[in-house]
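Visitor: One structure is given below, represented as structure tokens, and several questions about it will come after.
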Amino acid sequence: MMLIRRFEEEAARAYAQGKIGGFLHLYIGQEAIAVGASAALQPEDYVFQTYRDHGITLARGMAPEAGMAELFGKDTGCARGLGGSMHFFDAETNFMGGWGIVGGHLALAAGAAFKSKYTGDGRVTICFFGEGATNIGGFHEAMSLSGLWKLPIVFVCENNQYAMGTPMSRTSAISDLTLKAQGYGMAGDHFDGHDVRVTAERIGVAVDRARKGEGPTFIEISTYRFRGHSMSDPAKYRSQAELEERKLRDPVVVARRFLMELGVSEDQLDDIDAEVDTRIDAVVKFADESEPAKAEVMFSTAVAPEAPGVIHGDA
């Protein structure tokens with residue numbers, strides 16, 4: 001969790017320095033979900049995430065060097081510097097991408113889960129999204145087919161209270177989103193996501209259910225992002241008092257307090273912090289010194305080849 005926190009704090013600093021282009025959506029405040037979910041999964045399981053994707057990739061074991069280099073638009077990045085913050089991808093850890101279209105990736109996740117059921121490969125798919133995505137057509141299509149076919153998938157709604165800048169009371173007729181699970185014949189669960197132990201345990205139940213062939217689960221996890229929707233959002237739709245109150249439940253602080261109750265000393269925890277700081281310094285240096293993304297990679301992977309007979313220009 002500290003690696004995710006420091007990675008993103010440094011990313012925010014680099015963004016302000018102009019080293020990162022495009023959008024940057026930070027996960028600060030939600031780290032317990034990524035780490036808890038990863039503890040509940042097997043390495044071969046599939047993971048789909050939204051554009052707020054840094055935390056889960058690091059929790060799954062992707063090298064932070066590859067993540068920071070991607071943010072910096074470098075060839076050593078996890079998407080060769082062509083995807084940026086919103087489109088991390090790491091086949092080695094079965095991270096099937098950060099997706100930029102709200103709710104658009106849920107159907108893809110259902111497709112991966114269908115493949116697992118069809119081939120019997122024993123894999124579980126976990127798909128993360130925000131509460132705003134539960135109003136998107138793709139959400140309902142994915143939930144409908146997953147419930148009907150009892151696919152091995154866990155849908156995780158990270159409800160951080162503000163879809164971009166709009167509170168859920170203005171976007172949803174119900175406050176308990178797990179009620180939607182009933183309409184698709186699947187189990188539902190709802191809990192607070194500030195304690196990594198609770199997150200690992202409750203997601204673990206849903207993952208086990210999926211792996212046993214007992215069908216999908218829809219989970220709503222109450223959480224809170226400490227930063228704006230993206231770096232360009234000053235988050236004026238919430239008060240400073242509200243933010244400070246929520247920081248009292250900072251998942252990093254909660255985990256630190258629990259470890260100290262177990263007997264881990266403050267000095268030991270400070271040593272971990274220092275180790276993470278040293279690692280992140282090296283990560284930034286790696287990204288700084290890496291070669292920029294290459295045009296030839298873009299033309300061979302992201303741009304369709306020129307069709308014969310096509311005339312470009314003003315002619």
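Identifiers in the structure tokens: chain A, B, ... in order shown; residue index from 1 per chain; ligand index from 1 in order shown.
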Can you list, as an MDAnalysis selection string, all residues belonging to range 169-218 of chain A that DSSP tags as strand (DSSP E or B)?

Guide: chainID A and resid 187:192 217:218

Visitor: For the selection you just gave me, I'd like the residues written to a file as a short mmCIF file (atom, residue, chain, number, x, y, z; two decimals), in the first residue's frame, keeping N, CA, C and O atoms.

Guide:
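And here's again.cif as it stands now:
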data_model
loop_
_atom_site.label_atom_id
_atom_site.label_comp_id
_atom_site.auth_asym_id
_atom_site.auth_seq_id
_atom_site.Cartn_x
_atom_site.Cartn_y
_atom_site.Cartn_z
N ALA A 187 -25.26 -13.05 -6.38
CA ALA A 187 -25.05 -12.63 -5.00
C ALA A 187 -24.54 -11.20 -4.96
O ALA A 187 -23.89 -10.72 -5.90
N GLY A 188 -24.86 -10.52 -3.86
CA GLY A 188 -24.38 -9.16 -3.67
C GLY A 188 -23.74 -8.98 -2.31
O GLY A 188 -24.05 -9.71 -1.36
N ASP A 189 -22.83 -8.03 -2.21
CA ASP A 189 -22.18 -7.74 -0.93
C ASP A 189 -21.82 -6.26 -0.90
O ASP A 189 -21.58 -5.65 -1.96
N HIS A 190 -21.78 -5.70 0.30
CA HIS A 190 -21.46 -4.28 0.46
C HIS A 190 -20.70 -4.11 1.76
O HIS A 190 -21.15 -4.57 2.81
N PHE A 191 -19.53 -3.47 1.70
CA PHE A 191 -18.76 -3.25 2.93
C PHE A 191 -17.86 -2.03 2.76
O PHE A 191 -17.69 -1.50 1.67
N ASP A 192 -17.30 -1.59 3.90
CA ASP A 192 -16.39 -0.45 3.91
C ASP A 192 -14.99 -0.93 3.49
O ASP A 192 -14.50 -1.95 3.98
N THR A 217 -20.62 -12.51 -8.49
CA THR A 217 -21.00 -11.67 -7.35
C THR A 217 -20.82 -10.21 -7.74
O THR A 217 -19.86 -9.86 -8.43
N PHE A 218 -21.76 -9.39 -7.27
CA PHE A 218 -21.61 -7.94 -7.41
C PHE A 218 -21.30 -7.37 -6.03
O PHE A 218 -22.07 -7.56 -5.09
#

Visitor: Which residues come within 10 Å of range 103-115 of chain A, counting only C-alpha atoms, excluding same-chain residues fewer than 3 positions away, as JSON, numbers by chain?

Guide: {"A": [45, 46, 47, 48, 49, 50, 96, 97, 98, 99, 100, 118, 119, 120, 121, 122, 123, 124, 125, 126, 127, 128, 129, 130, 131, 132, 133, 134, 135, 136, 137, 138, 139, 140, 141, 142, 143, 144, 145, 146, 149, 150, 151, 152, 153, 154, 155, 210, 216]}

Visitor: What's the 10 Å shell around Lys294 in chain A, counting only C-alpha atoms, without same-chain residues fewer than 6 positions away, as a VMD selection string?

Guide: chain A and resid 73 to 75 80 to 82

Visitor: Take the residues from that selection and put them in a file with all heavy atoms, as a short mmCIF file (atom, residue, chain, number, x, y, z; two decimals), in the first residue's frame.

Guide:
data_model
loop_
_atom_site.label_atom_id
_atom_site.label_comp_id
_atom_site.auth_asym_id
_atom_site.auth_seq_id
_atom_site.Cartn_x
_atom_site.Cartn_y
_atom_site.Cartn_z
N GLY A 73 5.56 8.51 -20.87
CA GLY A 73 5.53 8.33 -22.32
C GLY A 73 6.81 7.75 -22.87
O GLY A 73 7.24 8.11 -23.97
N LYS A 74 7.36 6.78 -22.14
CA LYS A 74 8.63 6.20 -22.55
C LYS A 74 8.46 4.78 -23.12
O LYS A 74 7.51 4.07 -22.78
CB LYS A 74 9.59 6.17 -21.36
CG LYS A 74 9.91 7.56 -20.79
CD LYS A 74 10.59 8.45 -21.81
CE LYS A 74 10.97 9.82 -21.26
NZ LYS A 74 12.05 9.80 -20.31
N ASP A 75 9.40 4.39 -23.95
CA ASP A 75 9.33 3.09 -24.63
C ASP A 75 9.40 1.92 -23.66
O ASP A 75 8.97 0.81 -23.97
CB ASP A 75 10.46 3.00 -25.66
CG ASP A 75 10.36 1.76 -26.54
OD1 ASP A 75 9.28 1.56 -27.14
OD2 ASP A 75 11.34 0.98 -26.59
N ARG A 80 4.44 0.48 -23.83
CA ARG A 80 5.46 1.07 -24.71
C ARG A 80 5.32 2.60 -24.80
O ARG A 80 5.64 3.22 -25.81
CB ARG A 80 5.42 0.45 -26.11
CG ARG A 80 5.63 -1.05 -26.16
CD ARG A 80 7.04 -1.47 -25.78
NE ARG A 80 8.05 -0.96 -26.70
CZ ARG A 80 8.43 -1.56 -27.82
NH1 ARG A 80 7.88 -2.71 -28.17
NH2 ARG A 80 9.38 -1.04 -28.59
N GLY A 81 4.72 3.21 -23.79
CA GLY A 81 4.59 4.66 -23.76
C GLY A 81 3.45 5.20 -24.60
O GLY A 81 3.28 6.42 -24.70
N LEU A 82 2.63 4.33 -25.19
CA LEU A 82 1.55 4.77 -26.08
C LEU A 82 0.20 4.89 -25.37
O LEU A 82 -0.72 5.51 -25.88
CB LEU A 82 1.41 3.78 -27.24
CG LEU A 82 2.66 3.57 -28.11
CD1 LEU A 82 2.38 2.51 -29.17
CD2 LEU A 82 3.09 4.87 -28.76
#

Visitor: Between A:Leu148, A:Arg279, A:Ala274, A:Tyr162, which has the minimum distance to Gln182 in chain A (counting only C-alpha atoms)?

Guide: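 Residue with the minimum atom-to-atom distance to Gln182 in chain A: A:Leu148.
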
Visitor: Give me the residues of range 184-235 of chain A that have any atom at most 12 Å from an atom of range 243-255 of chain A; for each, the nearest atom pair and the distance in Å, rounded to one decimal. Use only C-alpha atoms, sort by chain and number, and format it as a Markdown table.

Guide:
| residue | atom | partner | partner_atom | distance |
| --- | --- | --- | --- | --- |
| A:Asp192 | CA | A:Arg249 | CA | 10.3 |
| A:Gly193 | CA | A:Pro251 | CA | 8.0 |
| A:His194 | CA | A:Pro251 | CA | 4.7 |
| A:Asp195 | CA | A:Pro251 | CA | 5.9 |
| A:Val196 | CA | A:Ala255 | CA | 7.0 |
| A:Arg197 | CA | A:Ala255 | CA | 8.5 |
| A:Val198 | CA | A:Ala255 | CA | 11.0 |
| A:Thr199 | CA | A:Pro251 | CA | 10.8 |
| A:Ser222 | CA | A:Arg246 | CA | 11.6 |
| A:Thr223 | CA | A:Arg246 | CA | 9.3 |
| A:Tyr224 | CA | A:Arg246 | CA | 7.3 |
| A:Arg225 | CA | A:Leu243 | CA | 9.1 |
| A:Phe226 | CA | A:Leu243 | CA | 6.9 |
| A:Arg227 | CA | A:Leu243 | CA | 9.3 |
| A:Gly228 | CA | A:Leu243 | CA | 10.8 |
| A:Ala235 | CA | A:Leu243 | CA | 10.0 |

Visitor: Using only C-alpha atoms, which residue out of A:Asp90, A:Glu70, A:Glu306, A:Asp271 lies closest to Gly21 in chain A?

Guide: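 Using only C-alpha atoms, Gly21 in chain A sits closest to A:Glu70.
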
Visitor: Between A:Val284, A:Val207, A:Ala40, A:Met260, which one has atoms that come closest to Arg6 in chain A, using only C-alpha atoms?

Guide: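 Checking each of A:Val284, A:Val207, A:Ala40, A:Met260 against Arg6 in chain A, counting only C-alpha atoms, the winner is A:Val284.
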
Visitor: So which residues of range 135-279 of chain A fall under alpha helix (DSSP H) by DSSP, listed as a PyMOL selection string?

Guide: chain A and resi 137-149+179-182+196-211+240-247+251-261+266-279

Visitor: Please identify all polymer residues within 12 Å of Ala66 in chain A, counting only C-alpha atoms, omitting same-chain residues fewer than 6 positions from it, and present them as a list in words.

Guide: Phe7, His54, Thr57, Leu58, Phe72, Gly73, Lys74, Asp75, Thr76, Gly77, Cys78, Ala79, Arg80, Gly81, Gly83, Gly84, Ser85, Phe88, Phe89, Asp90, Ile280, Ala282, Val283, Val284, Lys285, Phe286, Ala287, Asp288 and Ser290 of chain A

Visitor: For the residues in the current selection, export C-alpha atoms as a CSV table (one decimal), in the first residue's frame.

Guide:
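That gives us result-v1.csv:
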chain,number,residue,atom,x,y,z
A,7,PHE,CA,4.2,6.0,-6.6
A,54,HIS,CA,-2.1,2.4,-11.2
A,57,THR,CA,-1.3,-3.0,-11.4
A,58,LEU,CA,1.3,-2.5,-8.7
A,72,PHE,CA,6.3,9.6,-18.8
A,73,GLY,CA,5.5,8.3,-22.3
A,74,LYS,CA,8.6,6.2,-22.6
A,75,ASP,CA,9.3,3.1,-24.6
A,76,THR,CA,10.1,1.1,-21.5
A,77,GLY,CA,6.5,1.6,-20.2
A,78,CYS,CA,4.0,-1.2,-19.8
A,79,ALA,CA,2.2,-0.1,-23.0
A,80,ARG,CA,5.5,1.1,-24.7
A,81,GLY,CA,4.6,4.7,-23.8
A,83,GLY,CA,-1.2,4.3,-23.5
A,84,GLY,CA,-0.3,6.6,-20.7
A,85,SER,CA,-2.1,6.7,-17.3
A,88,PHE,CA,-1.9,0.4,-18.4
A,89,PHE,CA,-1.6,-3.2,-19.6
A,90,ASP,CA,0.5,-6.1,-18.3
A,280,ILE,CA,10.5,5.2,-5.9
A,282,ALA,CA,15.0,4.8,-8.6
A,283,VAL,CA,11.7,4.3,-10.4
A,284,VAL,CA,11.6,8.0,-11.4
A,285,LYS,CA,15.3,8.0,-12.4
A,286,PHE,CA,14.5,5.0,-14.6
A,287,ALA,CA,11.6,6.7,-16.3
A,288,ASP,CA,13.5,10.0,-16.7
A,290,SER,CA,14.4,5.9,-20.7

Visitor: CA of Gly29 in chain A and CA of Tyr237 in chain A, how far apart in Å?

Guide: 17.5 Å

Visitor: Nearest to Glu65 in chain A among A:Met298, A:Ala11, A:Ser265, A:Arg170, with distances taken over only C-alpha atoms: which residue is it?

Guide: A:Ala11
